[in-house]
Each structure stands twice: as C-alpha cells, then as structure tokens.
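Asker: What follows is the file upload04.cif, containing mmCIF, C-alpha atoms:
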data_my_file
loop_
_atom_site.group_PDB
_atom_site.id
_atom_site.type_symbol
_atom_site.label_atom_id
_atom_site.label_comp_id
_atom_site.auth_asym_id
_atom_site.auth_seq_id
_atom_site.Cartn_x
_atom_site.Cartn_y
_atom_site.Cartn_z
ATOM 1 C CA MET A 288 128.026 65.994 38.248
ATOM 2 C CA LEU A 289 130.264 68.568 39.903
ATOM 3 C CA VAL A 290 130.858 66.210 42.827
ATOM 4 C CA LEU A 291 132.038 63.429 40.509
ATOM 5 C CA GLU A 292 134.357 65.808 38.671
ATOM 6 C CA GLN A 293 135.881 66.990 41.944
ATOM 7 C CA ILE A 294 136.310 63.391 43.096
ATOM 8 C CA LEU A 295 138.283 62.694 39.925
ATOM 9 C CA ASN A 296 140.358 65.832 40.553
ATOM 10 C CA GLY A 297 141.016 64.543 44.054
ATOM 11 C CA LEU A 298 142.111 61.167 42.705
ATOM 12 C CA GLN A 299 144.430 62.894 40.243
ATOM 13 C CA LEU A 300 146.015 64.930 43.047
ATOM 14 C CA GLY A 301 146.233 61.784 45.144
ATOM 15 C CA VAL A 302 148.094 59.948 42.386
ATOM 16 C CA MET A 303 150.591 62.806 42.112
ATOM 17 C CA LEU A 304 151.153 62.642 45.861
ATOM 18 C CA PHE A 305 151.534 58.873 45.687
ATOM 19 C CA LEU A 306 154.327 59.154 43.111
ATOM 20 C CA MET A 307 156.114 61.482 45.525
ATOM 21 C CA SER A 308 155.346 59.648 48.738
ATOM 22 C CA ALA A 309 156.136 56.157 47.380
ATOM 23 C CA GLY A 310 159.731 57.153 46.718
ATOM 24 C CA LEU A 311 160.091 58.985 50.000
ATOM 25 C CA THR A 312 158.593 56.187 52.076
ATOM 26 C CA LEU A 313 160.938 53.704 50.382
ATOM 27 C CA VAL A 314 163.938 55.798 51.363
ATOM 28 C CA PHE A 315 162.811 56.389 54.923
ATOM 29 C CA GLY A 316 161.237 53.003 55.574
ATOM 30 C CA ILE A 317 164.127 50.962 54.181
ATOM 31 C CA MET A 318 167.179 53.203 54.509
ATOM 32 C CA GLN A 319 166.038 55.122 57.605
ATOM 33 C CA VAL A 320 167.072 58.419 56.013
ATOM 34 C CA VAL A 321 165.020 61.598 56.416
ATOM 35 C CA ASN A 322 165.329 63.203 52.976
ATOM 36 C CA LEU A 323 163.961 66.737 52.962
ATOM 37 C CA ALA A 324 165.445 67.253 49.490
ATOM 38 C CA HIS A 325 163.036 64.777 47.890
ATOM 39 C CA GLY A 326 161.062 67.646 46.369
ATOM 40 C CA SER A 327 164.204 68.826 44.585
ATOM 41 C CA PHE A 328 164.201 65.694 42.424
ATOM 42 C CA TYR A 329 160.558 66.390 41.590
ATOM 43 C CA MET A 330 161.754 69.819 40.426
ATOM 44 C CA ILE A 331 164.660 68.347 38.450
ATOM 45 C CA GLY A 332 162.328 65.983 36.632
ATOM 46 C CA ALA A 333 159.985 68.836 35.732
ATOM 47 C CA TYR A 334 162.798 71.104 34.490
ATOM 48 C CA VAL A 335 164.507 68.448 32.375
ATOM 49 C CA ALA A 336 161.201 67.354 30.842
ATOM 50 C CA ALA A 337 160.154 70.942 30.125
ATOM 51 C CA THR A 338 163.510 71.777 28.543
ATOM 52 C CA VAL A 339 163.605 68.712 26.280
ATOM 53 C CA ALA A 340 159.935 69.056 25.359
ATOM 54 C CA LEU A 341 160.388 72.724 24.421
ATOM 55 C CA LYS A 342 163.492 71.942 22.330
ATOM 56 C CA THR A 343 162.111 68.901 20.536
ATOM 57 C CA GLY A 344 158.355 69.406 20.709
ATOM 58 C CA SER A 345 157.966 65.898 22.117
ATOM 59 C CA PHE A 346 156.504 65.264 25.563
ATOM 60 C CA LEU A 347 157.612 61.623 25.441
ATOM 61 C CA LEU A 348 161.245 62.594 24.805
ATOM 62 C CA GLY A 349 161.007 64.957 27.765
ATOM 63 C CA LEU A 350 159.684 62.110 29.893
ATOM 64 C CA LEU A 351 162.421 59.722 28.732
ATOM 65 C CA ALA A 352 165.090 62.316 29.533
ATOM 66 C CA ALA A 353 163.672 63.365 32.905
ATOM 67 C CA LEU A 354 163.407 59.930 34.507
ATOM 68 C CA PRO A 355 167.082 58.952 34.216
ATOM 69 C CA ALA A 356 168.115 62.526 35.062
ATOM 70 C CA ALA A 357 166.215 62.407 38.365
ATOM 71 C CA ALA A 358 167.437 58.881 39.116
ATOM 72 C CA ILE A 359 171.094 59.707 38.368
ATOM 73 C CA ALA A 360 170.925 62.916 40.404
ATOM 74 C CA GLY A 361 169.512 60.928 43.319
ATOM 75 C CA MET A 362 172.148 58.220 43.108
ATOM 76 C CA VAL A 363 174.947 60.808 42.980
ATOM 77 C CA VAL A 364 173.540 62.485 46.097
ATOM 78 C CA GLU A 365 173.269 59.118 47.838
ATOM 79 C CA VAL A 366 176.876 58.163 47.043
ATOM 80 C CA LEU A 367 178.459 61.528 47.828
ATOM 81 C CA ILE A 368 176.389 62.715 50.800
ATOM 82 C CA LEU A 369 173.780 60.389 52.259
ATOM 83 C CA ARG A 370 176.034 57.346 52.420
ATOM 84 C CA LYS A 371 177.995 59.150 55.122
ATOM 85 C CA LEU A 372 174.835 59.796 57.153
ATOM 86 C CA TYR A 373 173.354 56.300 57.549
ATOM 87 C CA HIS A 374 174.805 55.857 61.020
ATOM 88 C CA ARG A 375 174.192 59.450 62.102
ATOM 89 C CA ASP A 376 171.054 60.598 63.879
ATOM 90 C CA HIS A 377 168.073 62.062 62.050
ATOM 91 C CA LEU A 378 168.996 65.643 62.966
ATOM 92 C CA ASP A 379 172.183 65.399 60.907
ATOM 93 C CA GLN A 380 170.189 63.965 57.999
ATOM 94 C CA VAL A 381 167.631 66.760 58.256
ATOM 95 C CA LEU A 382 170.308 69.462 58.262
ATOM 96 C CA ALA A 383 172.197 67.921 55.324
ATOM 97 C CA THR A 384 169.141 67.399 53.130
ATOM 98 C CA PHE A 385 167.739 70.808 54.076
ATOM 99 C CA GLY A 386 170.971 72.291 52.782
ATOM 100 C CA LEU A 387 170.519 70.325 49.559
ATOM 101 C CA ILE A 388 167.213 72.130 48.985
ATOM 102 C CA PHE A 389 169.017 75.477 48.802
ATOM 103 C CA PHE A 390 171.766 73.974 46.649
ATOM 104 C CA PHE A 391 169.384 72.563 44.059
ATOM 105 C CA ASN A 392 167.192 75.678 44.006
ATOM 106 C CA GLU A 393 170.190 77.897 43.309
ATOM 107 C CA LEU A 394 171.560 75.425 40.769
ATOM 108 C CA VAL A 395 168.247 75.535 38.895
ATOM 109 C CA ARG A 396 168.296 79.341 38.903
ATOM 110 C CA ILE A 397 171.852 79.321 37.531
ATOM 111 C CA LEU A 398 171.060 76.837 34.765
ATOM 112 C CA TRP A 399 167.545 77.940 33.785
ATOM 113 C CA GLY A 400 167.154 81.439 35.205
ATOM 114 C CA ARG A 401 164.467 82.804 37.475
ATOM 115 C CA GLN A 402 161.627 82.825 34.960
ATOM 116 C CA PRO A 403 159.328 79.778 35.153
ATOM 117 C CA LEU A 404 159.009 77.345 32.270
ATOM 118 C CA PHE A 405 155.694 76.179 30.875
ATOM 119 C CA MET A 406 154.932 72.811 29.325
ATOM 120 C CA ASP A 407 152.030 72.196 26.998
ATOM 121 C CA VAL A 408 149.816 69.181 27.358
ATOM 122 C CA PRO A 409 150.812 66.821 24.522
ATOM 123 C CA ALA A 410 148.441 67.028 21.579
ATOM 124 C CA TRP A 411 147.479 63.351 21.832
ATOM 125 C CA LEU A 412 146.369 63.934 25.449
ATOM 126 C CA SER A 413 144.901 67.419 25.073
ATOM 127 C CA GLY A 414 141.272 66.504 24.546
ATOM 128 C CA SER A 415 138.496 65.434 26.885
ATOM 129 C CA VAL A 416 136.672 62.174 27.237
ATOM 130 C CA GLN A 417 133.014 61.697 28.092
ATOM 131 C CA LEU A 418 132.845 59.533 31.194
ATOM 132 C CA PHE A 419 129.088 59.826 31.689
ATOM 133 C CA PRO A 420 126.377 61.751 29.844
ATOM 134 C CA GLY A 421 127.104 65.431 30.451
ATOM 135 C CA ILE A 422 130.491 64.842 32.099
ATOM 136 C CA GLN A 423 133.622 65.670 30.117
ATOM 137 C CA TYR A 424 136.961 65.145 31.841
ATOM 138 C CA PRO A 425 140.447 66.085 30.573
ATOM 139 C CA LEU A 426 142.228 63.146 29.026
ATOM 140 C CA TYR A 427 145.574 64.235 30.471
ATOM 141 C CA ARG A 428 144.292 64.043 34.037
ATOM 142 C CA LEU A 429 142.946 60.567 33.354
ATOM 143 C CA ALA A 430 146.391 59.664 32.014
ATOM 144 C CA ILE A 431 147.945 60.811 35.301
ATOM 145 C CA ILE A 432 145.566 58.545 37.231
ATOM 146 C CA SER A 433 146.444 55.648 34.930
ATOM 147 C CA VAL A 434 150.181 56.238 35.429
ATOM 148 C CA GLY A 435 149.701 56.132 39.201
ATOM 149 C CA ILE A 436 147.837 52.819 38.962
ATOM 150 C CA LEU A 437 150.598 51.338 36.808
ATOM 151 C CA VAL A 438 153.303 52.530 39.225
ATOM 152 C CA ALA A 439 151.425 51.044 42.176
ATOM 153 C CA LEU A 440 151.146 47.712 40.315
ATOM 154 C CA PHE A 441 154.843 47.844 39.404
ATOM 155 C CA LEU A 442 155.898 48.440 43.009
ATOM 156 C CA TYR A 443 153.657 45.626 44.225
ATOM 157 C CA LEU A 444 155.178 43.182 41.738
ATOM 158 C CA LEU A 445 158.692 44.430 42.466
ATOM 159 C CA PHE A 446 158.461 43.883 46.210
ATOM 160 C CA SER A 447 156.377 40.733 46.263
ATOM 161 C CA ARG A 448 157.433 38.810 43.154
ATOM 162 C CA THR A 449 161.115 39.544 42.456
ATOM 163 C CA ARG A 450 164.426 38.585 44.006
ATOM 164 C CA LEU A 451 165.427 42.244 44.164
ATOM 165 C CA GLY A 452 162.287 43.008 46.141
ATOM 166 C CA MET A 453 163.119 40.201 48.552
ATOM 167 C CA GLN A 454 166.606 41.640 49.038
ATOM 168 C CA ILE A 455 165.202 45.121 49.611
ATOM 169 C CA ARG A 456 162.769 43.859 52.252
ATOM 170 C CA ALA A 457 165.499 41.821 53.916
ATOM 171 C CA GLY A 458 167.859 44.796 53.865
ATOM 172 C CA ALA A 459 165.259 46.890 55.625
ATOM 173 C CA THR A 460 165.004 44.259 58.381
ATOM 174 C CA ASN A 461 168.674 43.443 58.964
ATOM 175 C CA ARG A 462 171.227 45.267 56.829
ATOM 176 C CA ASP A 463 174.281 43.569 58.362
ATOM 177 C CA MET A 464 172.930 40.048 57.893
ATOM 178 C CA VAL A 465 172.009 40.697 54.250
ATOM 179 C CA GLY A 466 175.494 42.051 53.644
ATOM 180 C CA ALA A 467 177.015 38.966 55.281
ATOM 181 C CA LEU A 468 175.042 36.774 52.856
ATOM 182 C CA GLY A 469 176.856 38.329 49.912
ATOM 183 C CA VAL A 470 174.431 41.072 48.863
ATOM 184 C CA ASN A 471 176.109 44.366 47.957
ATOM 185 C CA ILE A 472 174.087 46.440 50.398
ATOM 186 C CA ARG A 473 175.694 49.718 49.316
ATOM 187 C CA LEU A 474 174.679 49.156 45.702
ATOM 188 C CA LEU A 475 171.242 48.025 46.839
ATOM 189 C CA TYR A 476 170.696 51.238 48.819
ATOM 190 C CA THR A 477 171.906 53.325 45.879
ATOM 191 C CA LEU A 478 169.382 51.606 43.603
ATOM 192 C CA ILE A 479 166.579 52.147 46.137
ATOM 193 C CA PHE A 480 167.404 55.826 46.389
ATOM 194 C CA GLY A 481 167.583 56.079 42.599
ATOM 195 C CA LEU A 482 164.173 54.432 42.298
ATOM 196 C CA GLY A 483 162.724 56.857 44.838
ATOM 197 C CA THR A 484 164.074 59.919 43.023
ATOM 198 C CA LEU A 485 162.950 58.498 39.664
ATOM 199 C CA LEU A 486 159.386 58.360 40.992
ATOM 200 C CA ALA A 487 159.726 61.943 42.224
ATOM 201 C CA GLY A 488 160.969 62.961 38.783
ATOM 202 C CA LEU A 489 157.997 61.184 37.199
ATOM 203 C CA ALA A 490 155.664 63.183 39.433
ATOM 204 C CA GLY A 491 157.422 66.376 38.312
ATOM 205 C CA VAL A 492 156.952 65.462 34.645
ATOM 206 C CA MET A 493 153.258 64.766 35.184
ATOM 207 C CA ALA A 494 152.825 68.070 37.036
ATOM 208 C CA GLY A 495 154.701 70.105 34.414
ATOM 209 C CA PRO A 496 151.755 70.733 32.033
ATOM 210 C CA ILE A 497 149.465 71.578 34.976
ATOM 211 C CA LEU A 498 151.724 73.790 37.115
ATOM 212 C CA ALA A 499 154.441 76.316 36.344
ATOM 213 C CA VAL A 500 157.912 74.767 36.388
ATOM 214 C CA GLU A 501 159.942 77.012 38.694
ATOM 215 C CA ALA A 502 162.644 76.925 41.336
ATOM 216 C CA GLY A 503 161.317 75.852 44.724
ATOM 217 C CA MET A 504 158.298 74.059 43.277
ATOM 218 C CA GLY A 505 159.151 70.930 45.258
ATOM 219 C CA GLU A 506 158.772 72.449 48.715
ATOM 220 C CA SER A 507 154.993 72.876 48.689
ATOM 221 C CA VAL A 508 154.308 69.342 47.472
ATOM 222 C CA LEU A 509 156.867 67.947 49.936
ATOM 223 C CA ILE A 510 154.759 69.110 52.891
ATOM 224 C CA LEU A 511 151.725 67.205 51.621
ATOM 225 C CA THR A 512 153.980 64.239 50.895
ATOM 226 C CA PHE A 513 155.055 64.017 54.516
ATOM 227 C CA VAL A 514 151.402 64.267 55.574
ATOM 228 C CA VAL A 515 150.631 61.311 53.276
ATOM 229 C CA ILE A 516 153.431 59.225 54.782
ATOM 230 C CA VAL A 517 152.343 59.970 58.340
ATOM 231 C CA ILE A 518 148.721 59.079 57.564
ATOM 232 C CA GLY A 519 149.551 55.933 55.603
ATOM 233 C CA GLY A 520 152.240 54.658 57.953
ATOM 234 C CA ILE A 521 155.961 55.274 57.681
ATOM 235 C CA GLY A 522 157.645 52.766 55.398
ATOM 236 C CA SER A 523 154.447 51.339 53.918
ATOM 237 C CA VAL A 524 153.972 51.666 50.150
ATOM 238 C CA ARG A 525 150.380 50.465 50.508
ATOM 239 C CA GLY A 526 149.862 53.114 53.174
ATOM 240 C CA ALA A 527 151.383 55.722 50.855
ATOM 241 C CA LEU A 528 148.853 54.822 48.149
ATOM 242 C CA ILE A 529 145.804 54.890 50.431
ATOM 243 C CA GLY A 530 147.028 57.948 52.307
ATOM 244 C CA ALA A 531 147.725 59.851 49.079
ATOM 245 C CA LEU A 532 144.279 59.150 47.672
ATOM 246 C CA LEU A 533 142.612 60.188 50.936
ATOM 247 C CA VAL A 534 144.648 63.387 51.198
ATOM 248 C CA GLY A 535 143.944 64.244 47.560
ATOM 249 C CA LEU A 536 140.207 63.756 48.022
ATOM 250 C CA VAL A 537 140.033 65.655 51.326
ATOM 251 C CA ASP A 538 142.015 68.620 50.003
ATOM 252 C CA THR A 539 140.136 68.867 46.697
ATOM 253 C CA LEU A 540 136.626 68.402 48.085
ATOM 254 C CA ALA A 541 137.260 70.828 50.942
ATOM 255 C CA ARG A 542 138.487 73.563 48.600
ATOM 256 C CA ALA A 543 135.581 72.979 46.221
ATOM 257 C CA PHE A 544 132.656 72.782 48.633
ATOM 258 C CA LEU A 545 133.481 74.338 52.015
ATOM 259 C CA PRO A 546 132.896 77.957 50.871
ATOM 260 C CA ASP A 547 129.450 76.969 49.522
ATOM 261 C CA LEU A 548 128.710 75.140 52.767
ATOM 262 C CA PHE A 549 129.498 78.220 54.847
ATOM 263 C CA ARG A 550 127.229 80.358 52.654
ATOM 264 C CA LEU A 551 124.303 78.321 53.980
ATOM 265 C CA PHE A 552 124.983 79.591 57.500
ATOM 266 C CA LEU A 553 126.522 83.039 56.984
ATOM 267 C CA GLU A 554 124.778 86.037 55.478
ATOM 268 C CA SER A 555 127.976 87.566 54.115
ATOM 269 C CA SER A 556 129.274 85.638 51.119
ATOM 270 C CA SER A 557 132.723 87.215 51.472
ATOM 271 C CA ALA A 558 132.971 86.034 55.081
ATOM 272 C CA ALA A 559 131.823 82.569 54.030
ATOM 273 C CA ASP A 560 134.470 82.481 51.301
ATOM 274 C CA ARG A 561 137.197 83.547 53.732
ATOM 275 C CA MET A 562 136.202 81.013 56.373
ATOM 276 C CA GLY A 563 135.737 78.258 53.830
ATOM 277 C CA ALA A 564 139.114 78.926 52.220
ATOM 278 C CA ALA A 565 140.857 79.067 55.618
ATOM 279 C CA LEU A 566 139.308 75.821 56.799
ATOM 280 C CA ALA A 567 139.971 74.151 53.442
ATOM 281 C CA SER A 568 143.671 74.962 53.722
ATOM 282 C CA MET A 569 143.697 73.297 57.152
ATOM 283 C CA SER A 570 141.507 70.336 56.199
ATOM 284 C CA VAL A 571 144.380 67.970 55.380
ATOM 285 C CA TYR A 572 146.093 68.635 58.708
ATOM 286 C CA ILE A 573 142.827 68.262 60.635
ATOM 287 C CA PHE A 574 142.290 64.963 58.834
ATOM 288 C CA MET A 575 145.808 63.853 59.770
ATOM 289 C CA ALA A 576 145.189 64.736 63.418
ATOM 290 C CA LEU A 577 141.977 62.694 63.438
ATOM 291 C CA ILE A 578 143.716 59.677 61.906
ATOM 292 C CA LEU A 579 146.585 59.845 64.386
ATOM 293 C CA ALA A 580 144.164 60.168 67.293
ATOM 294 C CA PHE A 581 142.889 56.652 66.537
ATOM 295 C CA LYS A 582 145.904 55.175 64.693
ATOM 296 C CA PRO A 583 149.054 56.804 66.091
ATOM 297 C CA SER A 584 151.310 54.763 63.776
ATOM 298 C CA GLY A 585 149.251 55.501 60.671
ATOM 299 C CA LEU A 586 146.748 53.391 58.787
ATOM 300 C CA PHE A 587 149.173 50.675 57.667
ATOM 301 C CA PRO A 588 152.274 50.672 59.866
ATOM 302 C CA VAL A 589 154.931 48.240 58.727
ATOM 303 C CA THR A 590 155.100 46.641 62.176
ATOM 304 C CA GLU A 591 151.628 45.213 61.792
#
Do you think you could lay out the structure here as structure tokens?

Answerer:
Amino acid sequence: MLVLEQILNGLQLGVMLFLMSAGLTLVFGIMQVVNLAHGSFYMIGAYVAATVALKTGSFLLGLLAALPAAAIAGMVVEVLILRKLYHRDHLDQVLATFGLIFFFNELVRILWGRQPLFMDVPAWLSGSVQLFPGIQYPLYRLAIISVGILVALFLYLLFSRTRLGMQIRAGATNRDMVGALGVNIRLLYTLIFGLGTLLAGLAGVMAGPILAVEAGMGESVLILTFVVIVIGGIGSVRGALIGALLVGLVDTLARAFLPDLFRLFLESSSAADRMGAALASMSVYIFMALILAFKPSGLFPVTE
C-alpha cells in the first residue's frame, strides 16, 4: 500500500516537473534560447495566485489571474531582452537570464516582502478519495496529475493538429524560410515564449498549496527541470513528459525507501538514515548519468 502511495506521489511530482520542462523545452528546442529565468515565471504564477486567492478566497480566481500574468511577463521579457539575444551565443543568453533571476527575486521581495505566502487547498479539493480498499489519496494531488495529463494532450493536439503547431515546427527547422513565406516569426516566437511561461506559471499555481510561496522558489525546481530535459531529449515535448515522470518516480521512491533499505545492512539506524538520505538526494543525477551513458542525446532526441 505504501509503495502505491509513493508511486502516486512520484507521478504528482513528475507532472509538476513536466509543466515546467514542457515550457522550457519549447523555448530551447524551438527558439534555441537558454532561459535560466524560467523558474522566475513559476514563482510569479505562485505569487499572483496566492495573492488573489487570499484577497478573494477563490483558488480559481487566483488561477485565472496567474496564468495571464506569467504569460504577459514572459512575453515582455522576450520582446525587451531575449529578442536581442537570438543571434548571440549561449553564454550571452545564460548571463542575461541569470541576471533576470536576481531581478525577479528582488522585485518579488519589493512587492510582497520577505515573508512567504501560504495558499490553502481549495475546499472542493481538500478531501481524499479511496483508490483501493485501505488506500486514501489526497484529491488535490490527483487533480494535479489530471491537469498534467490535460496539458500533455493539449500540447499534442496543438503541435500535431493545428496550423499554429505546423508553423511552430517549421519555424524551429528553418526560421528564415518560414519568415519568407509570410509568417510573422517575431510574433510567433513571442507566443511560444508566452506559452512556455504560462505553463511555468501553472506549475507555480499547482505547487502553491503544497509548498511555501517565497522568493527564490523557482531555482530549486529549475535544476530538476534541466535534468528532465536532458534525460528526455532537448526540444522534445514527449521526452519532457516521459523524463519528468521518471525523475519524479526515482526521486520520490529513493527518498521513501533508501533509508529503510540501508537499515537492512547497517546496524546503526542513524548511519543508515544519513547514507540513505545522501544517496536519495543524488539518485536523480545518478539516473541521468546512466541514461546518458546509453543514450547521450536523451531518450527522445528530436533528430530521431
């Protein structure tokens, strides 16, 4: 029973990482921009949602306010800053977006202060549901998993069934040719970046009732997001989904069961806990190294 519950927790973490990594892999895979500030839009989404929810008492209003806020913030950044970096090397992009992290963190502290905000789980999602006899699982975490499935379906339909998706895929292949055919490539890139930051904002909203909403909250999840992209294959949304689920499961199961596993071999429970916790914190990176040893371009590279 505990194993099944931890698997669901891993899927929930994986879905959160997918919402982050899908937007980031769109930006890097299509626009070829390394955006280290992606976690800042996750933070913006969480702060706007928390503020509106606390003022109005409505989680849905917080969600509806956070998504356009994250998207608009992303599009403004793309127009004012990133548009000038498309033809620069990745080092310039890294330095510029790294600077944006500090800018957004300080801006959040100026607007909201240094004390974290806390969001409550909405009342209509606060209960538990019985999945199997003896297994109760929080309804809100199941809602997060459902949101991730819907987003994955939306992205699939967008890229494979719509004219906009065709233009996005063509723009990733040959930007100059698509522009010569009459497509406004600048507007297209702005929309892609806005979509990516909207997904990051959505992840921030979903994380708000689980984690404290505070300045710098995007940096820790950004590291795992890059791990997901490397494992799944840079530029692949399908790879982002599979990679996120695998990373979520590996991280959750390792943290839950490695200390107990070490207690079988070590007499000191404290030593087993220390070793288990240390190895659990490295488990995702060990998993990434193993994947790259056999698939250097990730599980689903876009060149295949």

Asker: Here is a test: counting all atoms listed in the file, which residue of A:Met464, A:Leu475, A:Leu398, A:Val438 is nearest to Arg450 of chain A?

Answerer: A:Leu475

Asker: Between segment 317-369 of chain A and segment 411-430 of chain A, at 12 Å or less, what are the per-residue closest atom pairs and their distances in Å? Count only C-alpha atoms, order by chain and rising residue number, and return it as CSV.

Answerer:
residue,atom,partner,partner_atom,distance
A:Ser345,CA,A:Trp411,CA,10.8
A:Phe346,CA,A:Trp411,CA,10.0
A:Leu347,CA,A:Trp411,CA,10.9

Asker: Taking the file above as input, evaluate the PyMOL selection byres ((chain A and resi 391) around 10) and report the hits as a count of residues only.

Answerer: 19

Asker: Report, in Å with one decimal, the straight-line distance from atom CA of Gly488 of chain A to atom CA of Tyr476 of chain A.

Answerer: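 Value for the atom CA of Gly488 of chain A-atom CA of Tyr476 of chain A distance: 18.2 Å.
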
Asker: Please, what distance in Å, to one decimal, runs between atom CA of Leu354 of chain A and atom CA of Val534 of chain A?

Answerer: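 About the pair atom CA of Leu354 of chain A and atom CA of Val534 of chain A: they are 25.3 Å apart.
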
Asker: For the atom pair atom CA of Leu528 of chain A and atom CA of Met575 of chain A, what is the interatomic distance in Å to one decimal place?

Answerer: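 Computing the Euclidean distance for atom CA of Leu528 of chain A and atom CA of Met575 of chain A yields 15.0 Å.
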
Asker: Assuming the chain letters and numbering stay as they are in my file, what does the PyMOL selection byres ((chain A and resi 350) around 12) actually select? List them as a VMD selection string.

Answerer: chain A and resid 331 to 341 343 to 349 351 to 357 406 409 485 to 486 488 to 496

Asker: Pick out the closest residue to Glu506 of chain A from this set: A:Glu292, A:Leu323, A:Arg542, A:Met569. Count only C-alpha atoms.

Answerer: A:Leu323

Asker: Convert the output of the PyMOL selection byres ((chain A and resi 382-384) around 9) on the shown file into explicit residues, formatted as a list in words.

Answerer: Val321, Asn322, Leu323, Ala324, His325, Ile368, Leu369, Leu372, His377, Leu378, Asp379, Gln380, Val381, Phe385, Gly386, Leu387 and Ile388 of chain A

Asker: Name the closest residue to Val514 of chain A among the candidates A:Leu545, A:Leu579, A:Ile455, A:Ala360; distances are taken between atoms, counting only C-alpha atoms.

Answerer: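 Looking only at the distances to Val514 of chain A, the closest residue turns out to be A:Leu579.
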
Asker: For segment 472-484 of chain A, supply N, CA and C atoms and report the output as a compact mmCIF listing (two decimals), in the frame of the given file.

Answerer:
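Full text of rebuild02.txt as output:
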# COMPACT_ATOMS: atom_id res chain seq x y z
N ILE A 472 175.11 45.60 49.78
CA ILE A 472 174.09 46.44 50.40
C ILE A 472 174.23 47.90 50.00
N ARG A 473 175.49 48.33 49.75
CA ARG A 473 175.69 49.72 49.32
C ARG A 473 175.05 49.95 47.96
N LEU A 474 175.29 49.04 47.03
CA LEU A 474 174.68 49.16 45.70
C LEU A 474 173.17 49.06 45.80
N LEU A 475 172.68 48.18 46.67
CA LEU A 475 171.24 48.02 46.84
C LEU A 475 170.61 49.33 47.33
N TYR A 476 171.22 49.98 48.30
CA TYR A 476 170.70 51.24 48.82
C TYR A 476 170.75 52.34 47.75
N THR A 477 171.81 52.33 46.95
CA THR A 477 171.91 53.32 45.88
C THR A 477 170.78 53.14 44.87
N LEU A 478 170.47 51.88 44.54
CA LEU A 478 169.38 51.61 43.60
C LEU A 478 168.03 52.01 44.19
N ILE A 479 167.83 51.75 45.49
CA ILE A 479 166.58 52.15 46.14
C ILE A 479 166.41 53.65 46.08
N PHE A 480 167.49 54.36 46.40
CA PHE A 480 167.40 55.83 46.39
C PHE A 480 167.16 56.33 44.97
N GLY A 481 167.82 55.70 43.98
CA GLY A 481 167.58 56.08 42.60
C GLY A 481 166.15 55.83 42.16
N LEU A 482 165.57 54.71 42.61
CA LEU A 482 164.17 54.43 42.30
C LEU A 482 163.26 55.48 42.93
N GLY A 483 163.54 55.85 44.17
CA GLY A 483 162.72 56.86 44.84
C GLY A 483 162.77 58.20 44.13
N THR A 484 163.97 58.63 43.70
CA THR A 484 164.07 59.92 43.02
C THR A 484 163.52 59.84 41.60
